[in-house]
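Enquirer: Here it is, the structure, as structure tokens.
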Amino acid sequence: MALAGLLFDKDGTLIHFNETWNPAVLSVLKYQAQGDIAVLRRLAEALDYDLDISGFKTGATFVAGTWSDYGNAWATALGLVNDQNFEDRTNQLLIEACAQSLAPVGNPAAVASLLRQRGLLLGIATNDGERAAHHQAEALGLKPHLSFIAGYDSGFGAKPAPGMVHGFASHIGAEPARIGMVGDSVHDMDAAKRAGAVAIGVLTGPLSREELEHHADHIIDSIADLPDLMDRI
């Protein structure tokens, strides 16, 4: 059955996670610490961020989670309350910092153009915030190609729940079975399977082919291989 749409994860799929987020988060933590090394260390510990390597530790909830997974720890490390104001201010700092280190996987806009030429409708489903997803999609030149952008705060829930996939399918008027969810994590593949969509794994994130193969219907090296895959299925 030909697919009607492709729904992309963002981090690890459209952009390289480490190159984009590691320096961005460090920049925000340093800004919030205001030169106090004890506060900086407390913030890093709260987020499982290793200051020695300037990167996240294995299993850090920030990597695949949402604000609800790490927001309380972040605010507590600063002696603040995790209210909407703190969430909004921190997310804005992250948006601005990521703009300085955004590292695309190949040429997402060129790939999107080829997929649109094949009649596919495209969207983004990320456990990042919707506003950040819009900013990064714009920076990547993807906005003209997208019909749908959803984040953890868009009302569909977060991956691995199937809500974003169902939302995209409903938005473009297609059955979930005609949607492909493209991502680098088990969360992405599980969201696809729970929705009844096609799970397409990419190897531009932290997981190997062996780690993804039991969860995905198809595995490709990167999004650059999607046009060929669409021609085959």
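Residues in the structure tokens are numbered from 1 in each chain, the chains being A, B, ... in the order shown, and ligands are numbered from 1 in the order shown.
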Run DSSP on the backbone and tell me which residues of range 44-168 of chain A come out as strand (DSSP E); list them as a ChimeraX atom specification.
Expert: /A:49-50,55-56,121-125,146-150
Enquirer: Could you take the residues named above and write them with C-alpha atoms, as an mmCIF file, in the first residue's frame?
Expert:
```cif
data_model
loop_
_atom_site.group_PDB
_atom_site.id
_atom_site.type_symbol
_atom_site.label_atom_id
_atom_site.label_comp_id
_atom_site.auth_asym_id
_atom_site.auth_seq_id
_atom_site.Cartn_x
_atom_site.Cartn_y
_atom_site.Cartn_z
ATOM 1 C CA TYR A 49 24.723 16.377 31.772
ATOM 2 C CA ASP A 50 28.434 15.573 32.009
ATOM 3 C CA GLY A 55 27.391 16.126 26.693
ATOM 4 C CA PHE A 56 24.538 14.113 28.145
ATOM 5 C CA LEU A 121 2.361 14.982 2.796
ATOM 6 C CA LEU A 122 4.896 15.643 5.534
ATOM 7 C CA GLY A 123 4.905 16.479 9.215
ATOM 8 C CA ILE A 124 7.056 16.617 12.351
ATOM 9 C CA ALA A 125 6.294 14.876 15.648
ATOM 10 C CA LEU A 146 5.180 20.628 6.038
ATOM 11 C CA SER A 147 1.477 20.114 6.662
ATOM 12 C CA PHE A 148 1.744 19.405 10.393
ATOM 13 C CA ILE A 149 4.048 20.139 13.338
ATOM 14 C CA ALA A 150 3.425 18.738 16.816
#
```
Enquirer: Excluding range 162-169 of chain A and residues on its chain fewer than 3 positions from it, collect all residues at most 10 Å away from it, counting only C-alpha atoms, and give them as a PyMOL selection string.
Expert: chain A and resi 4-8+121-127+147-152+154-159+172-181+187-197
Enquirer: Those same residues - N, CA and C atoms - I'd like them written as a tab-separated table (two decimals), in the first residue's frame.
Expert:
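out-v6.tsv written:
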```tsv
chain	number	residue	atom	x	y	z
A	4	ALA	N	0.61	7.78	2.22
A	4	ALA	CA	0.08	9.11	1.93
A	4	ALA	C	0.89	10.20	2.61
A	5	GLY	N	1.56	9.84	3.71
A	5	GLY	CA	2.30	10.86	4.44
A	5	GLY	C	3.43	10.28	5.26
A	6	LEU	N	4.41	11.12	5.54
A	6	LEU	CA	5.54	10.76	6.39
A	6	LEU	C	5.61	11.74	7.55
A	7	LEU	N	5.73	11.20	8.74
A	7	LEU	CA	5.82	12.00	9.95
A	7	LEU	C	7.22	11.82	10.53
A	8	PHE	N	7.96	12.92	10.64
A	8	PHE	CA	9.36	12.87	11.05
A	8	PHE	C	9.53	13.18	12.53
A	121	LEU	N	2.51	13.88	1.86
A	121	LEU	CA	2.36	14.98	2.80
A	121	LEU	C	3.28	14.72	3.98
A	122	LEU	N	3.83	15.78	4.55
A	122	LEU	CA	4.90	15.64	5.53
A	122	LEU	C	4.57	16.38	6.82
A	123	GLY	N	5.09	15.84	7.93
A	123	GLY	CA	4.90	16.48	9.21
A	123	GLY	C	6.05	16.17	10.15
A	124	ILE	N	6.06	16.85	11.30
A	124	ILE	CA	7.06	16.62	12.35
A	124	ILE	C	6.32	16.27	13.63
A	125	ALA	N	6.81	15.26	14.32
A	125	ALA	CA	6.29	14.88	15.65
A	125	ALA	C	7.49	14.74	16.58
A	126	THR	N	7.60	15.64	17.54
A	126	THR	CA	8.78	15.67	18.40
A	126	THR	C	8.38	15.77	19.87
A	127	ASN	N	9.20	15.21	20.74
A	127	ASN	CA	8.99	15.40	22.17
A	127	ASN	C	9.59	16.71	22.67
A	147	SER	N	2.91	19.94	6.44
A	147	SER	CA	1.48	20.11	6.66
A	147	SER	C	1.12	20.08	8.14
A	148	PHE	N	2.07	19.70	9.00
A	148	PHE	CA	1.74	19.41	10.39
A	148	PHE	C	3.01	19.47	11.23
A	149	ILE	N	2.95	20.13	12.38
A	149	ILE	CA	4.05	20.14	13.34
A	149	ILE	C	3.45	19.97	14.73
A	150	ALA	N	3.93	18.97	15.46
A	150	ALA	CA	3.43	18.74	16.82
A	150	ALA	C	4.59	18.51	17.77
A	151	GLY	N	4.46	19.08	18.97
A	151	GLY	CA	5.41	18.85	20.04
A	151	GLY	C	4.70	18.26	21.24
A	152	TYR	N	5.43	18.10	22.34
A	152	TYR	CA	4.83	17.51	23.54
A	152	TYR	C	3.69	18.36	24.08
A	154	SER	N	1.41	20.09	22.22
A	154	SER	CA	0.43	20.38	21.17
A	154	SER	C	-0.92	19.74	21.39
A	155	GLY	N	-1.04	18.96	22.46
A	155	GLY	CA	-2.34	18.37	22.78
A	155	GLY	C	-2.53	16.94	22.31
A	156	PHE	N	-1.49	16.34	21.72
A	156	PHE	CA	-1.60	14.96	21.22
A	156	PHE	C	-0.90	13.96	22.14
A	157	GLY	N	-0.30	14.43	23.23
A	157	GLY	CA	0.53	13.56	24.05
A	157	GLY	C	1.93	13.50	23.48
A	158	ALA	N	2.77	12.67	24.08
A	158	ALA	CA	4.17	12.53	23.66
A	158	ALA	C	4.44	11.10	23.25
A	159	LYS	N	5.43	10.93	22.40
A	159	LYS	CA	5.86	9.58	22.03
A	159	LYS	C	6.47	8.88	23.24
A	172	ILE	N	-4.34	15.01	7.69
A	172	ILE	CA	-4.20	14.89	6.23
A	172	ILE	C	-5.27	13.99	5.62
A	173	GLY	N	-6.17	13.47	6.44
A	173	GLY	CA	-7.28	12.67	5.94
A	173	GLY	C	-6.87	11.30	5.43
A	174	ALA	N	-5.94	10.66	6.12
A	174	ALA	CA	-5.47	9.34	5.71
A	174	ALA	C	-5.58	8.35	6.87
A	175	GLU	N	-5.72	7.08	6.55
A	175	GLU	CA	-5.71	6.05	7.58
A	175	GLU	C	-4.29	5.93	8.16
A	176	PRO	N	-4.16	5.62	9.45
A	176	PRO	CA	-2.83	5.46	10.03
A	176	PRO	C	-1.95	4.45	9.29
A	177	ALA	N	-2.55	3.45	8.68
A	177	ALA	CA	-1.77	2.45	7.94
A	177	ALA	C	-1.06	3.04	6.74
A	178	ARG	N	-1.48	4.24	6.32
A	178	ARG	CA	-0.85	4.89	5.17
A	178	ARG	C	0.10	6.01	5.62
A	179	ILE	N	0.46	5.98	6.90
A	179	ILE	CA	1.42	6.94	7.45
A	179	ILE	C	2.72	6.21	7.79
A	180	GLY	N	3.84	6.82	7.44
A	180	GLY	CA	5.14	6.32	7.87
A	180	GLY	C	5.71	7.24	8.94
A	181	MET	N	6.08	6.67	10.09
A	181	MET	CA	6.74	7.42	11.16
A	181	MET	C	8.23	7.18	11.04
A	187	HIS	N	11.15	4.86	20.93
A	187	HIS	CA	9.94	5.66	21.16
A	187	HIS	C	9.22	5.95	19.84
A	188	ASP	N	9.98	6.32	18.82
A	188	ASP	CA	9.38	6.64	17.52
A	188	ASP	C	8.73	5.41	16.90
A	189	MET	N	9.45	4.28	16.96
A	189	MET	CA	8.93	3.05	16.37
A	189	MET	C	7.70	2.57	17.13
A	190	ASP	N	7.72	2.69	18.45
A	190	ASP	CA	6.57	2.26	19.24
A	190	ASP	C	5.35	3.14	18.97
A	191	ALA	N	5.57	4.44	18.82
A	191	ALA	CA	4.46	5.34	18.50
A	191	ALA	C	3.81	4.93	17.18
A	192	ALA	N	4.64	4.58	16.19
A	192	ALA	CA	4.12	4.14	14.91
A	192	ALA	C	3.30	2.86	15.06
A	193	LYS	N	3.88	1.88	15.73
A	193	LYS	CA	3.21	0.58	15.85
A	193	LYS	C	1.90	0.70	16.63
A	194	ARG	N	1.89	1.49	17.69
A	194	ARG	CA	0.68	1.65	18.49
A	194	ARG	C	-0.42	2.35	17.71
A	195	ALA	N	-0.02	3.17	16.75
A	195	ALA	CA	-1.01	3.88	15.92
A	195	ALA	C	-1.45	3.07	14.71
A	196	GLY	N	-0.75	1.97	14.43
A	196	GLY	CA	-1.05	1.20	13.23
A	196	GLY	C	-0.39	1.75	11.99
A	197	ALA	N	0.69	2.53	12.19
A	197	ALA	CA	1.41	3.12	11.08
A	197	ALA	C	2.66	2.30	10.76
```
Enquirer: Using Å and a single decimal, report how far CA of Leu47 in chain A sits from CA of Val202 in chain A.
Expert: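 It comes out at 25.9 Å.
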Enquirer: Could you check which of A:Gln84, A:Asn91, A:Ser113, A:Ser170 is closest to Val28 in chain A, using only C-alpha atoms?
Expert: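 For Val28 in chain A, the nearest of the candidates is A:Asn91.
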Enquirer: List as a list in words the protein and nucleic acid residues near Leu26 in chain A, meaning an atom at most 9 Å away when only C-alpha atoms are counted, but skip any in the same chain fewer than 3 places from it.
Expert: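 Counting only C-alpha atoms, the residues come to Trp21, Asn22, Pro23, Leu29, Lys30, Tyr31, Ala44, Tyr49, Leu51, Ser54 and Gly55 of chain A.
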Enquirer: Figure out the distance between CA of Asp184 in chain A and CA of Ala103 in chain A, please, to one decimal in Å.
Expert: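 Distance reported for this atom pair: 15.7 Å.
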Enquirer: Based on DSSP run over this structure's backbone, return all residues of chain A in alpha helix (DSSP H), as number ranges by chain.
Expert: A: 17-33, 37-46, 61-64, 67-77, 84-101, 108-117, 130-139, 163-172, 186-195, 209-212, 226-232
Enquirer: Range 68-83 of chain A: which residues within 9 Å, counting only C-alpha atoms, same-chain residues fewer than 6 positions away excluded, as an NGL selection string?
Expert: :A and (32-33 or 39-40 or 42-47 or 61-62)
Enquirer: When you count only C-alpha atoms, which of these residues is closest to Thr204 in chain A: A:Val105, A:Leu3, A:Val182, A:Leu94?
Expert: A:Val105
Enquirer: Which residue gives the smallest distance to Asp128 in chain A among A:Gln92, A:Asn107, A:Ser185, A:Thr66, with only C-alpha atoms counted?
Expert: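 Ranking A:Gln92, A:Asn107, A:Ser185, A:Thr66 by distance to Asp128 in chain A, first place goes to A:Thr66.
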Enquirer: Of the candidates A:Leu229, A:Ala38, A:Ala97, A:Leu203, which one gets nearest to Gly12 in chain A if we count only C-alpha atoms?
Expert: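 Answer, going by the shortest atom-to-atom distance: A:Leu203.
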Enquirer: Quick one: of A:Ser101, A:Gln136, A:Asn85, A:Ser208, who's nearest to Leu14 in chain A, counting only C-alpha atoms?
Expert: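 Among A:Ser101, A:Gln136, A:Asn85, A:Ser208, it is A:Gln136 that comes nearest to Leu14 in chain A.
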Enquirer: With only C-alpha atoms as the atoms that count, which of A:Val186, A:Ala109, A:Ala64, A:Ala199 lies nearest to Asp11 in chain A?
Expert: A:Ala64
Enquirer: Using only C-alpha atoms, which residues sit within 8 Å of Ala216 in chain A once same-chain residues fewer than 3 positions away are excluded, as a PyMOL selection string?
Expert: chain A and resi 189+198-201+212-213+219
Enquirer: Residues near Gln117 in chain A, anyone? I mean within 12 Å using only C-alpha atoms, not counting same-chain ones fewer than 6 positions away, as a PyMOL selection string.
Expert: chain A and resi 110-111+145+227+230-231
